[in-house]
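Asker: Take a look at structure05.tsv, TSV, N, CA and C atoms:
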chain	number	residue	atom	x	y	z
A	3	MET	N	-40.36	6.57	-14.69
A	3	MET	CA	-39.48	5.95	-15.66
A	3	MET	C	-38.05	6.45	-15.51
A	4	HIS	N	-37.92	7.74	-15.25
A	4	HIS	CA	-36.58	8.30	-15.11
A	4	HIS	C	-35.87	7.72	-13.89
A	5	LEU	N	-36.57	7.65	-12.77
A	5	LEU	CA	-35.95	7.12	-11.55
A	5	LEU	C	-35.71	5.62	-11.63
A	6	GLY	N	-36.31	4.96	-12.61
A	6	GLY	CA	-36.05	3.53	-12.83
A	6	GLY	C	-34.59	3.27	-13.16
A	7	ALA	N	-33.87	4.30	-13.57
A	7	ALA	CA	-32.44	4.14	-13.87
A	7	ALA	C	-31.65	3.76	-12.62
A	8	PHE	N	-32.14	4.14	-11.45
A	8	PHE	CA	-31.42	3.83	-10.22
A	8	PHE	C	-31.59	2.37	-9.78
A	9	THR	N	-32.46	1.64	-10.45
A	9	THR	CA	-32.62	0.22	-10.10
A	9	THR	C	-31.40	-0.60	-10.51
A	10	LYS	N	-30.50	-0.01	-11.28
A	10	LYS	CA	-29.28	-0.74	-11.65
A	10	LYS	C	-28.42	-1.07	-10.44
A	11	TYR	N	-28.64	-0.38	-9.35
A	11	TYR	CA	-27.89	-0.65	-8.14
A	11	TYR	C	-28.46	-1.82	-7.35
A	12	PHE	N	-29.67	-2.26	-7.72
A	12	PHE	CA	-30.32	-3.37	-7.03
A	12	PHE	C	-30.60	-4.56	-7.94
A	13	ILE	N	-30.87	-4.28	-9.22
A	13	ILE	CA	-31.22	-5.31	-10.20
A	13	ILE	C	-30.25	-5.17	-11.38
A	14	PRO	N	-29.57	-6.25	-11.77
A	14	PRO	CA	-28.71	-6.14	-12.95
A	14	PRO	C	-29.52	-5.71	-14.18
A	15	PHE	N	-29.02	-4.74	-14.88
A	15	PHE	CA	-29.65	-4.17	-16.07
A	15	PHE	C	-31.01	-3.54	-15.77
A	16	GLY	N	-31.26	-3.24	-14.51
A	16	GLY	CA	-32.53	-2.62	-14.12
A	16	GLY	C	-32.72	-1.25	-14.73
A	17	ASN	N	-31.62	-0.56	-14.99
A	17	ASN	CA	-31.73	0.77	-15.60
A	17	ASN	C	-32.24	0.71	-17.04
A	18	TYR	N	-32.23	-0.46	-17.65
A	18	TYR	CA	-32.82	-0.64	-18.98
A	18	TYR	C	-34.18	-1.32	-18.87
A	19	ILE	N	-34.26	-2.35	-18.03
A	19	ILE	CA	-35.47	-3.17	-17.95
A	19	ILE	C	-36.67	-2.38	-17.41
A	20	ILE	N	-36.49	-1.69	-16.30
A	20	ILE	CA	-37.61	-0.98	-15.66
A	20	ILE	C	-38.15	0.14	-16.56
A	21	PRO	N	-37.31	1.04	-17.11
A	21	PRO	CA	-37.88	2.06	-18.00
A	21	PRO	C	-38.55	1.46	-19.25
A	22	ILE	N	-37.97	0.39	-19.79
A	22	ILE	CA	-38.58	-0.23	-20.98
A	22	ILE	C	-39.94	-0.83	-20.63
A	23	LEU	N	-40.02	-1.52	-19.50
A	23	LEU	CA	-41.30	-2.10	-19.08
A	23	LEU	C	-42.35	-1.02	-18.84
A	24	LEU	N	-41.96	0.02	-18.10
A	24	LEU	CA	-42.90	1.11	-17.82
A	24	LEU	C	-43.33	1.82	-19.10
A	25	TRP	N	-42.40	2.04	-19.99
A	25	TRP	CA	-42.71	2.74	-21.23
A	25	TRP	C	-43.62	1.91	-22.14
A	26	THR	N	-43.28	0.63	-22.34
A	26	THR	CA	-44.08	-0.19	-23.26
A	26	THR	C	-45.50	-0.42	-22.74
A	27	THR	N	-45.67	-0.48	-21.43
A	27	THR	CA	-47.02	-0.71	-20.90
A	27	THR	C	-47.84	0.57	-20.83
A	28	ASN	N	-47.20	1.73	-20.83
A	28	ASN	CA	-47.94	2.99	-20.66
A	28	ASN	C	-47.82	3.98	-21.81
A	29	LYS	N	-47.08	3.67	-22.85
A	29	LYS	CA	-46.81	4.66	-23.90
A	29	LYS	C	-48.06	5.09	-24.67
A	30	ASP	N	-49.07	4.25	-24.72
A	30	ASP	CA	-50.29	4.59	-25.46
A	30	ASP	C	-51.24	5.47	-24.66
A	31	LYS	N	-50.96	5.66	-23.38
A	31	LYS	CA	-51.86	6.44	-22.52
A	31	LYS	C	-51.78	7.94	-22.79
A	32	SER	N	-50.57	8.43	-23.07
A	32	SER	CA	-50.43	9.86	-23.39
A	32	SER	C	-49.10	10.12	-24.10
A	33	GLU	N	-49.07	11.22	-24.79
A	33	GLU	CA	-47.85	11.64	-25.50
A	33	GLU	C	-46.74	11.99	-24.50
A	34	PHE	N	-47.15	12.54	-23.35
A	34	PHE	CA	-46.20	12.91	-22.30
A	34	PHE	C	-45.46	11.68	-21.78
A	35	ILE	N	-46.17	10.61	-21.50
A	35	ILE	CA	-45.55	9.38	-21.02
A	35	ILE	C	-44.66	8.77	-22.10
A	36	ASP	N	-45.13	8.82	-23.33
A	36	ASP	CA	-44.35	8.29	-24.45
A	36	ASP	C	-43.03	9.05	-24.59
A	37	HIS	N	-43.09	10.37	-24.51
A	37	HIS	CA	-41.88	11.19	-24.64
A	37	HIS	C	-40.88	10.90	-23.51
A	38	ASN	N	-41.38	10.87	-22.27
A	38	ASN	CA	-40.50	10.63	-21.13
A	38	ASN	C	-39.90	9.24	-21.14
A	39	GLY	N	-40.67	8.26	-21.57
A	39	GLY	CA	-40.13	6.90	-21.67
A	39	GLY	C	-39.02	6.80	-22.69
A	40	LYS	N	-39.23	7.41	-23.85
A	40	LYS	CA	-38.19	7.41	-24.89
A	40	LYS	C	-36.94	8.12	-24.40
A	41	GLU	N	-37.13	9.24	-23.72
A	41	GLU	CA	-35.98	9.99	-23.20
A	41	GLU	C	-35.19	9.16	-22.19
A	42	ALA	N	-35.90	8.51	-21.27
A	42	ALA	CA	-35.21	7.71	-20.24
A	42	ALA	C	-34.44	6.56	-20.87
A	43	ILE	N	-35.05	5.87	-21.81
A	43	ILE	CA	-34.38	4.73	-22.47
A	43	ILE	C	-33.21	5.21	-23.31
A	44	ASN	N	-33.43	6.25	-24.10
A	44	ASN	CA	-32.34	6.78	-24.94
A	44	ASN	C	-31.16	7.24	-24.11
A	45	PHE	N	-31.43	7.87	-22.98
A	45	PHE	CA	-30.33	8.34	-22.15
A	45	PHE	C	-29.55	7.17	-21.56
A	46	GLN	N	-30.22	6.15	-21.11
A	46	GLN	CA	-29.52	4.99	-20.56
A	46	GLN	C	-28.72	4.27	-21.63
A	47	LEU	N	-29.24	4.18	-22.84
A	47	LEU	CA	-28.47	3.57	-23.94
A	47	LEU	C	-27.27	4.44	-24.31
A	48	SER	N	-27.43	5.75	-24.24
A	48	SER	CA	-26.31	6.66	-24.51
A	48	SER	C	-25.22	6.49	-23.46
A	49	ILE	N	-25.62	6.37	-22.19
A	49	ILE	CA	-24.66	6.15	-21.11
A	49	ILE	C	-23.92	4.83	-21.34
A	50	LEU	N	-24.64	3.80	-21.77
A	50	LEU	CA	-23.99	2.52	-22.07
A	50	LEU	C	-22.95	2.68	-23.17
A	51	LEU	N	-23.29	3.39	-24.23
A	51	LEU	CA	-22.34	3.61	-25.32
A	51	LEU	C	-21.12	4.39	-24.84
A	52	TYR	N	-21.34	5.44	-24.06
A	52	TYR	CA	-20.21	6.22	-23.55
A	52	TYR	C	-19.32	5.39	-22.62
A	53	THR	N	-19.93	4.51	-21.84
A	53	THR	CA	-19.17	3.64	-20.94
A	53	THR	C	-18.32	2.65	-21.73
A	54	VAL	N	-18.88	2.10	-22.78
A	54	VAL	CA	-18.13	1.16	-23.63
A	54	VAL	C	-16.95	1.88	-24.28
A	55	ILE	N	-17.17	3.10	-24.74
A	55	ILE	CA	-16.09	3.87	-25.37
A	55	ILE	C	-14.99	4.17	-24.35
A	56	LEU	N	-15.35	4.61	-23.15
A	56	LEU	CA	-14.34	4.88	-22.12
A	56	LEU	C	-13.60	3.61	-21.72
A	57	GLY	N	-14.32	2.50	-21.62
A	57	GLY	CA	-13.67	1.23	-21.30
A	57	GLY	C	-12.68	0.82	-22.37
A	58	THR	N	-13.06	1.02	-23.62
A	58	THR	CA	-12.17	0.70	-24.73
A	58	THR	C	-10.93	1.58	-24.71
A	59	LEU	N	-11.11	2.85	-24.39
A	59	LEU	CA	-9.97	3.77	-24.32
A	59	LEU	C	-9.06	3.45	-23.14
A	60	SER	N	-9.61	2.94	-22.06
A	60	SER	CA	-8.79	2.65	-20.88
A	60	SER	C	-8.06	1.32	-20.98
A	61	PHE	N	-8.49	0.44	-21.86
A	61	PHE	CA	-7.88	-0.88	-21.99
A	61	PHE	C	-6.38	-0.83	-22.29
A	62	PRO	N	-5.91	0.03	-23.24
A	62	PRO	CA	-4.46	0.08	-23.49
A	62	PRO	C	-3.65	0.50	-22.27
A	63	PHE	N	-4.19	1.38	-21.43
A	63	PHE	CA	-3.46	1.79	-20.23
A	63	PHE	C	-3.28	0.62	-19.29
A	64	PHE	N	-4.28	-0.24	-19.19
A	64	PHE	CA	-4.18	-1.44	-18.36
A	64	PHE	C	-3.13	-2.39	-18.94
A	65	ILE	N	-3.16	-2.62	-20.24
A	65	ILE	CA	-2.21	-3.54	-20.89
A	65	ILE	C	-0.78	-3.05	-20.69
A	66	PHE	N	-0.53	-1.77	-20.95
A	66	PHE	CA	0.83	-1.25	-20.82
A	66	PHE	C	1.28	-1.22	-19.36
A	67	ASN	N	0.35	-1.10	-18.45
A	67	ASN	CA	0.69	-1.13	-17.03
A	67	ASN	C	1.10	-2.54	-16.62
A	68	VAL	N	0.36	-3.54	-17.06
A	68	VAL	CA	0.64	-4.92	-16.65
A	68	VAL	C	1.85	-5.49	-17.37
A	69	PHE	N	1.95	-5.26	-18.67
A	69	PHE	CA	3.02	-5.89	-19.45
A	69	PHE	C	4.27	-5.02	-19.59
A	70	GLY	N	4.25	-3.83	-19.07
A	70	GLY	CA	5.44	-3.00	-19.02
A	70	GLY	C	6.04	-2.70	-20.38
A	71	ASP	N	7.30	-3.10	-20.60
A	71	ASP	CA	8.03	-2.78	-21.83
A	71	ASP	C	7.79	-3.77	-22.96
A	72	THR	N	6.91	-4.70	-22.79
A	72	THR	CA	6.63	-5.69	-23.83
A	72	THR	C	5.99	-5.00	-25.02
A	73	THR	N	6.47	-5.33	-26.23
A	73	THR	CA	5.92	-4.73	-27.43
A	73	THR	C	4.69	-5.52	-27.90
A	74	ILE	N	3.95	-4.93	-28.80
A	74	ILE	CA	2.77	-5.61	-29.35
A	74	ILE	C	3.20	-6.85	-30.12
A	75	TYR	N	4.35	-6.79	-30.79
A	75	TYR	CA	4.88	-7.97	-31.50
A	75	TYR	C	5.11	-9.12	-30.52
A	76	ASP	N	5.69	-8.81	-29.37
A	76	ASP	CA	5.92	-9.84	-28.35
A	76	ASP	C	4.61	-10.42	-27.84
A	77	LEU	N	3.61	-9.56	-27.67
A	77	LEU	CA	2.31	-10.04	-27.18
A	77	LEU	C	1.65	-10.96	-28.19
A	78	LEU	N	1.71	-10.59	-29.47
A	78	LEU	CA	1.05	-11.40	-30.49
A	78	LEU	C	1.76	-12.72	-30.73
A	79	ASN	N	3.07	-12.74	-30.58
A	79	ASN	CA	3.84	-13.96	-30.84
A	79	ASN	C	4.29	-14.68	-29.57
A	80	PHE	N	3.86	-14.20	-28.43
A	80	PHE	CA	4.21	-14.79	-27.14
A	80	PHE	C	5.72	-14.90	-26.94
A	81	ASN	N	6.45	-13.88	-27.38
A	81	ASN	CA	7.91	-13.85	-27.22
A	81	ASN	C	8.29	-12.98	-26.03
A	82	ASP	N	9.06	-13.52	-25.13
A	82	ASP	CA	9.66	-12.75	-24.04
A	82	ASP	C	8.67	-11.82	-23.33
A	83	ILE	N	7.58	-12.39	-22.87
A	83	ILE	CA	6.57	-11.60	-22.17
A	83	ILE	C	6.86	-11.65	-20.68
A	84	SER	N	6.90	-10.49	-20.08
A	84	SER	CA	7.07	-10.43	-18.62
A	84	SER	C	5.97	-9.56	-18.04
A	85	ILE	N	5.29	-10.10	-17.08
A	85	ILE	CA	4.21	-9.37	-16.44
A	85	ILE	C	4.77	-8.69	-15.20
A	86	ASN	N	4.47	-7.41	-15.07
A	86	ASN	CA	5.03	-6.61	-14.00
A	86	ASN	C	3.90	-5.98	-13.19
A	87	PHE	N	3.69	-6.48	-11.97
A	87	PHE	CA	2.67	-5.92	-11.09
A	87	PHE	C	3.26	-5.00	-10.03
A	88	SER	N	4.56	-5.01	-9.86
A	88	SER	CA	5.15	-4.25	-8.76
A	88	SER	C	5.54	-2.84	-9.16
A	89	ASP	N	5.88	-2.61	-10.40
A	89	ASP	CA	6.33	-1.29	-10.83
A	89	ASP	C	5.12	-0.42	-11.17
A	90	ALA	N	5.17	0.82	-10.76
A	90	ALA	CA	4.08	1.75	-11.06
A	90	ALA	C	4.24	2.23	-12.49
A	91	ALA	N	3.56	1.68	-13.39
A	91	ALA	CA	3.62	1.89	-14.85
A	91	ALA	C	4.40	3.11	-15.27
A	92	GLY	N	4.21	3.92	-15.95
A	92	GLY	CA	4.99	5.13	-16.21
A	92	GLY	C	4.13	6.32	-15.97
A	93	PHE	N	4.72	7.44	-16.04
A	93	PHE	CA	4.01	8.68	-15.78
A	93	PHE	C	2.91	8.90	-16.82
A	94	ARG	N	3.21	8.61	-18.10
A	94	ARG	CA	2.20	8.79	-19.16
A	94	ARG	C	1.00	7.87	-18.95
A	95	THR	N	1.25	6.64	-18.58
A	95	THR	CA	0.16	5.69	-18.37
A	95	THR	C	-0.69	6.14	-17.20
A	96	LEU	N	-0.06	6.61	-16.15
A	96	LEU	CA	-0.78	7.08	-14.98
A	96	LEU	C	-1.64	8.28	-15.31
A	97	ILE	N	-1.10	9.21	-16.08
A	97	ILE	CA	-1.86	10.41	-16.46
A	97	ILE	C	-3.02	10.04	-17.36
A	98	GLY	N	-2.79	9.17	-18.34
A	98	GLY	CA	-3.86	8.76	-19.25
A	98	GLY	C	-4.97	8.04	-18.52
A	99	ALA	N	-4.62	7.12	-17.66
A	99	ALA	CA	-5.63	6.38	-16.90
A	99	ALA	C	-6.37	7.31	-15.94
A	100	SER	N	-5.67	8.24	-15.34
A	100	SER	CA	-6.30	9.19	-14.42
A	100	SER	C	-7.28	10.09	-15.17
A	101	PHE	N	-6.90	10.52	-16.34
A	101	PHE	CA	-7.76	11.38	-17.16
A	101	PHE	C	-9.06	10.66	-17.50
A	102	ILE	N	-8.96	9.41	-17.93
A	102	ILE	CA	-10.14	8.63	-18.26
A	102	ILE	C	-10.97	8.37	-17.01
A	103	GLY	N	-10.33	8.13	-15.89
A	103	GLY	CA	-11.04	7.93	-14.63
A	103	GLY	C	-11.80	9.17	-14.20
A	104	VAL	N	-11.21	10.33	-14.37
A	104	VAL	CA	-11.88	11.59	-14.03
A	104	VAL	C	-13.09	11.81	-14.93
A	105	ILE	N	-12.94	11.52	-16.21
A	105	ILE	CA	-14.07	11.65	-17.14
A	105	ILE	C	-15.20	10.70	-16.72
A	106	ALA	N	-14.86	9.48	-16.34
A	106	ALA	CA	-15.88	8.51	-15.91
A	106	ALA	C	-16.57	8.99	-14.64
A	107	LEU	N	-15.82	9.55	-13.71
A	107	LEU	CA	-16.40	10.04	-12.46
A	107	LEU	C	-17.33	11.23	-12.71
A	108	VAL	N	-16.91	12.15	-13.55
A	108	VAL	CA	-17.76	13.29	-13.91
A	108	VAL	C	-19.03	12.78	-14.59
A	109	GLY	N	-18.89	11.81	-15.48
A	109	GLY	CA	-20.05	11.23	-16.15
A	109	GLY	C	-21.02	10.58	-15.18
A	110	PHE	N	-20.49	9.91	-14.17
A	110	PHE	CA	-21.33	9.28	-13.14
A	110	PHE	C	-22.18	10.32	-12.42
A	111	PHE	N	-21.56	11.41	-12.00
A	111	PHE	CA	-22.29	12.45	-11.28
A	111	PHE	C	-23.28	13.18	-12.20
A	112	LEU	N	-22.88	13.41	-13.45
A	112	LEU	CA	-23.80	14.05	-14.39
A	112	LEU	C	-25.02	13.17	-14.65
A	113	GLU	N	-24.82	11.87	-14.73
A	113	GLU	CA	-25.95	10.96	-14.93
A	113	GLU	C	-26.95	11.10	-13.78
A	114	ILE	N	-26.45	11.12	-12.56
A	114	ILE	CA	-27.35	11.26	-11.40
A	114	ILE	C	-28.09	12.59	-11.45
A	115	ILE	N	-27.38	13.66	-11.75
A	115	ILE	CA	-28.00	14.99	-11.81
A	115	ILE	C	-29.05	15.04	-12.91
A	116	PHE	N	-28.74	14.52	-14.09
A	116	PHE	CA	-29.69	14.55	-15.21
A	116	PHE	C	-30.93	13.71	-14.93
A	117	VAL	N	-30.76	12.54	-14.33
A	117	VAL	CA	-31.90	11.67	-14.04
A	117	VAL	C	-32.81	12.31	-12.99
A	118	VAL	N	-32.24	12.86	-11.94
A	118	VAL	CA	-33.05	13.51	-10.91
A	118	VAL	C	-33.76	14.74	-11.48
A	119	THR	N	-33.07	15.52	-12.30
A	119	THR	CA	-33.69	16.69	-12.93
A	119	THR	C	-34.85	16.27	-13.82
A	120	ALA	N	-34.66	15.21	-14.61
A	120	ALA	CA	-35.73	14.73	-15.48
A	120	ALA	C	-36.92	14.25	-14.68
A	121	ALA	N	-36.67	13.56	-13.58
A	121	ALA	CA	-37.76	13.07	-12.74
A	121	ALA	C	-38.53	14.23	-12.11
A	122	LEU	N	-37.83	15.24	-11.65
A	122	LEU	CA	-38.49	16.40	-11.04
A	122	LEU	C	-39.33	17.16	-12.06
A	123	LYS	N	-38.79	17.33	-13.26
A	123	LYS	CA	-39.54	18.03	-14.32
A	123	LYS	C	-40.77	17.22	-14.73
A	124	ALA	N	-40.60	15.89	-14.85
A	124	ALA	CA	-41.74	15.04	-15.22
A	124	ALA	C	-42.81	15.08	-14.13
A	125	ASN	N	-42.40	15.16	-12.89
A	125	ASN	CA	-43.35	15.25	-11.78
A	125	ASN	C	-44.17	16.54	-11.85
A	126	LYS	N	-43.56	17.60	-12.38
A	126	LYS	CA	-44.26	18.88	-12.54
A	126	LYS	C	-45.08	18.93	-13.82
A	127	GLY	N	-44.97	17.88	-14.65
A	127	GLY	CA	-45.71	17.86	-15.91
A	127	GLY	C	-44.97	18.51	-17.06
A	128	GLU	N	-43.69	18.77	-16.88
A	128	GLU	CA	-42.87	19.39	-17.92
A	128	GLU	C	-42.07	18.32	-18.65
A	129	THR	N	-41.82	18.55	-19.93
A	129	THR	CA	-40.97	17.62	-20.67
A	129	THR	C	-39.52	17.99	-20.44
A	130	TYR	N	-38.66	17.01	-20.50
A	130	TYR	CA	-37.23	17.22	-20.29
A	130	TYR	C	-36.48	16.48	-21.39
A	131	THR	N	-35.50	17.14	-21.95
A	131	THR	CA	-34.65	16.52	-22.95
A	131	THR	C	-33.26	16.42	-22.36
A	132	TYR	N	-32.76	15.19	-22.26
A	132	TYR	CA	-31.45	14.96	-21.68
A	132	TYR	C	-30.36	15.56	-22.56
A	133	PRO	N	-29.39	16.26	-21.96
A	133	PRO	CA	-28.23	16.69	-22.74
A	133	PRO	C	-27.32	15.49	-23.02
A	134	LEU	N	-26.56	15.54	-24.06
A	134	LEU	CA	-25.60	14.51	-24.45
A	134	LEU	C	-26.28	13.17	-24.75
A	135	CYS	N	-27.54	13.21	-25.13
A	135	CYS	CA	-28.30	11.99	-25.36
A	135	CYS	C	-28.42	11.72	-26.87
A	136	ILE	N	-28.19	10.49	-27.24
A	136	ILE	CA	-28.35	10.05	-28.63
A	136	ILE	C	-29.76	9.49	-28.76
A	137	ARG	N	-30.47	9.88	-29.76
A	137	ARG	CA	-31.86	9.45	-29.96
A	137	ARG	C	-31.89	8.13	-30.72
A	138	PHE	N	-31.84	7.02	-29.98
A	138	PHE	CA	-31.93	5.69	-30.58
A	138	PHE	C	-33.39	5.37	-30.94
A	139	ILE	N	-34.30	5.73	-30.04
A	139	ILE	CA	-35.73	5.53	-30.25
A	139	ILE	C	-36.32	6.90	-30.52
A	140	LYS	N	-37.01	7.04	-31.63
A	140	LYS	CA	-37.57	8.37	-32.00
A	140	LYS	C	-39.05	8.39	-31.86
Step by step, read the file and then write its structure as structure tokens.

Answerer:
Amino acid sequence: MHLGAFTKYFIPFGNYIIPILLWTTNKDKSEFIDHNGKEAINFQLSILLYTVILGTLSFPFFIFNVFGDTTIYDLLNFNDISINFSDAAGFRTLIGASFIGVIALVGFFLEIIFVVTAALKANKGETYTYPLCIRFIK
């Protein structure tokens, strides 16, 4: 179930579909399978939530990069809007976007490490609790 998260690279939403299918069909067989299935699903849902939050935080950096000196009033009223693709946004925008990008990259690698660790522990018959995981399914 834990390694089912890697199916997202081959099947759209596979990181949710495969663990959910495996968990729902096998959860009544043992408490161990039930626990690992819940952990795998909860972790993938937590990653989805964190990705949505990072995407939301990065959106203003994209807007200010594309629209340059245009104010929010100009955007809402379509007054004097100029789109600028040639100028390298400003130093603050670059730093903010870079910071969010670094957080996303660290999160990507942590996800891989946590999933592989969980799979190895489950293979040994040990339970694993993902760090930074929100318990959506209890």

Asker: When you draw a straight line from CA of Lys123 (chain A) to atom N of Pro14 (chain A), how long is it in Å?

Answerer: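 Value for the CA of Lys123 (chain A)-atom N of Pro14 (chain A) distance: 26.4 Å.
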
Asker: Excluding Thr9 (chain A) and any residue of its chain fewer than 3 positions from it, enumerate the residues within 12 Å of it, using only C-alpha atoms, and give them as a PDB file with N, CA and C atoms, in the coordinates of the input.

Answerer:
ATOM      1  N   MET A   3     -40.360   6.570 -14.690  1.00  0.00           N
ATOM      2  CA  MET A   3     -39.480   5.950 -15.660  1.00  0.00           C
ATOM      3  C   MET A   3     -38.050   6.450 -15.510  1.00  0.00           C
ATOM      4  N   HIS A   4     -37.920   7.740 -15.250  1.00  0.00           N
ATOM      5  CA  HIS A   4     -36.580   8.300 -15.110  1.00  0.00           C
ATOM      6  C   HIS A   4     -35.870   7.720 -13.890  1.00  0.00           C
ATOM      7  N   LEU A   5     -36.570   7.650 -12.770  1.00  0.00           N
ATOM      8  CA  LEU A   5     -35.950   7.120 -11.550  1.00  0.00           C
ATOM      9  C   LEU A   5     -35.710   5.620 -11.630  1.00  0.00           C
ATOM     10  N   GLY A   6     -36.310   4.960 -12.610  1.00  0.00           N
ATOM     11  CA  GLY A   6     -36.050   3.530 -12.830  1.00  0.00           C
ATOM     12  C   GLY A   6     -34.590   3.270 -13.160  1.00  0.00           C
ATOM     13  N   PHE A  12     -29.670  -2.260  -7.720  1.00  0.00           N
ATOM     14  CA  PHE A  12     -30.320  -3.370  -7.030  1.00  0.00           C
ATOM     15  C   PHE A  12     -30.600  -4.560  -7.940  1.00  0.00           C
ATOM     16  N   ILE A  13     -30.870  -4.280  -9.220  1.00  0.00           N
ATOM     17  CA  ILE A  13     -31.220  -5.310 -10.200  1.00  0.00           C
ATOM     18  C   ILE A  13     -30.250  -5.170 -11.380  1.00  0.00           C
ATOM     19  N   PRO A  14     -29.570  -6.250 -11.770  1.00  0.00           N
ATOM     20  CA  PRO A  14     -28.710  -6.140 -12.950  1.00  0.00           C
ATOM     21  C   PRO A  14     -29.520  -5.710 -14.180  1.00  0.00           C
ATOM     22  N   PHE A  15     -29.020  -4.740 -14.880  1.00  0.00           N
ATOM     23  CA  PHE A  15     -29.650  -4.170 -16.070  1.00  0.00           C
ATOM     24  C   PHE A  15     -31.010  -3.540 -15.770  1.00  0.00           C
ATOM     25  N   GLY A  16     -31.260  -3.240 -14.510  1.00  0.00           N
ATOM     26  CA  GLY A  16     -32.530  -2.620 -14.120  1.00  0.00           C
ATOM     27  C   GLY A  16     -32.720  -1.250 -14.730  1.00  0.00           C
ATOM     28  N   ASN A  17     -31.620  -0.560 -14.990  1.00  0.00           N
ATOM     29  CA  ASN A  17     -31.730   0.770 -15.600  1.00  0.00           C
ATOM     30  C   ASN A  17     -32.240   0.710 -17.040  1.00  0.00           C
ATOM     31  N   TYR A  18     -32.230  -0.460 -17.650  1.00  0.00           N
ATOM     32  CA  TYR A  18     -32.820  -0.640 -18.980  1.00  0.00           C
ATOM     33  C   TYR A  18     -34.180  -1.320 -18.870  1.00  0.00           C
ATOM     34  N   ILE A  19     -34.260  -2.350 -18.030  1.00  0.00           N
ATOM     35  CA  ILE A  19     -35.470  -3.170 -17.950  1.00  0.00           C
ATOM     36  C   ILE A  19     -36.670  -2.380 -17.410  1.00  0.00           C
ATOM     37  N   ILE A  20     -36.490  -1.690 -16.300  1.00  0.00           N
ATOM     38  CA  ILE A  20     -37.610  -0.980 -15.660  1.00  0.00           C
ATOM     39  C   ILE A  20     -38.150   0.140 -16.560  1.00  0.00           C
ATOM     40  N   PRO A  21     -37.310   1.040 -17.110  1.00  0.00           N
ATOM     41  CA  PRO A  21     -37.880   2.060 -18.000  1.00  0.00           C
ATOM     42  C   PRO A  21     -38.550   1.460 -19.250  1.00  0.00           C
ATOM     43  N   GLN A  46     -30.220   6.150 -21.110  1.00  0.00           N
ATOM     44  CA  GLN A  46     -29.520   4.990 -20.560  1.00  0.00           C
ATOM     45  C   GLN A  46     -28.720   4.270 -21.630  1.00  0.00           C
TER      46      GLN A  46
END

Asker: Rounded to one decimal place, report the CA of Gly39 (chain A)-CA of Thr129 (chain A) distance in Å.

Answerer: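 Distance between the two atoms: 10.8 Å.
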
Asker: Build an axis-aligned box that encloses every atom of region 26-44 of chain A listed in the file, pad it by 4 Å on each side, and report its centre and edge lengths in Å to one decimal, as lines of an AutoDock Vina configuration file.

Answerer:
center_x = -41.5
center_y = 6.1
center_z = -22.9
size_x = 28.7
size_y = 21.6
size_z = 13.3

Asker: What is the CA of Thr26 (chain A) to CA of Lys140 (chain A) distance in Å?

Answerer: 13.9 Å

Asker: Hey, which of A:Phe45, A:Val104, A:Gly57, A:Glu113 ends up closest to Leu134 (chain A)? Count only N, CA and C atoms.

Answerer: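 Nearest to Leu134 (chain A): A:Phe45.
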
Asker: Of the candidates A:Ile22, A:Ile105, A:Asn125, A:Leu112, which shows the shortest atom-to-atom distance to Leu47 (chain A), using only C-alpha atoms?

Answerer: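 Looking only at the distances to Leu47 (chain A), the closest residue turns out to be A:Ile22.
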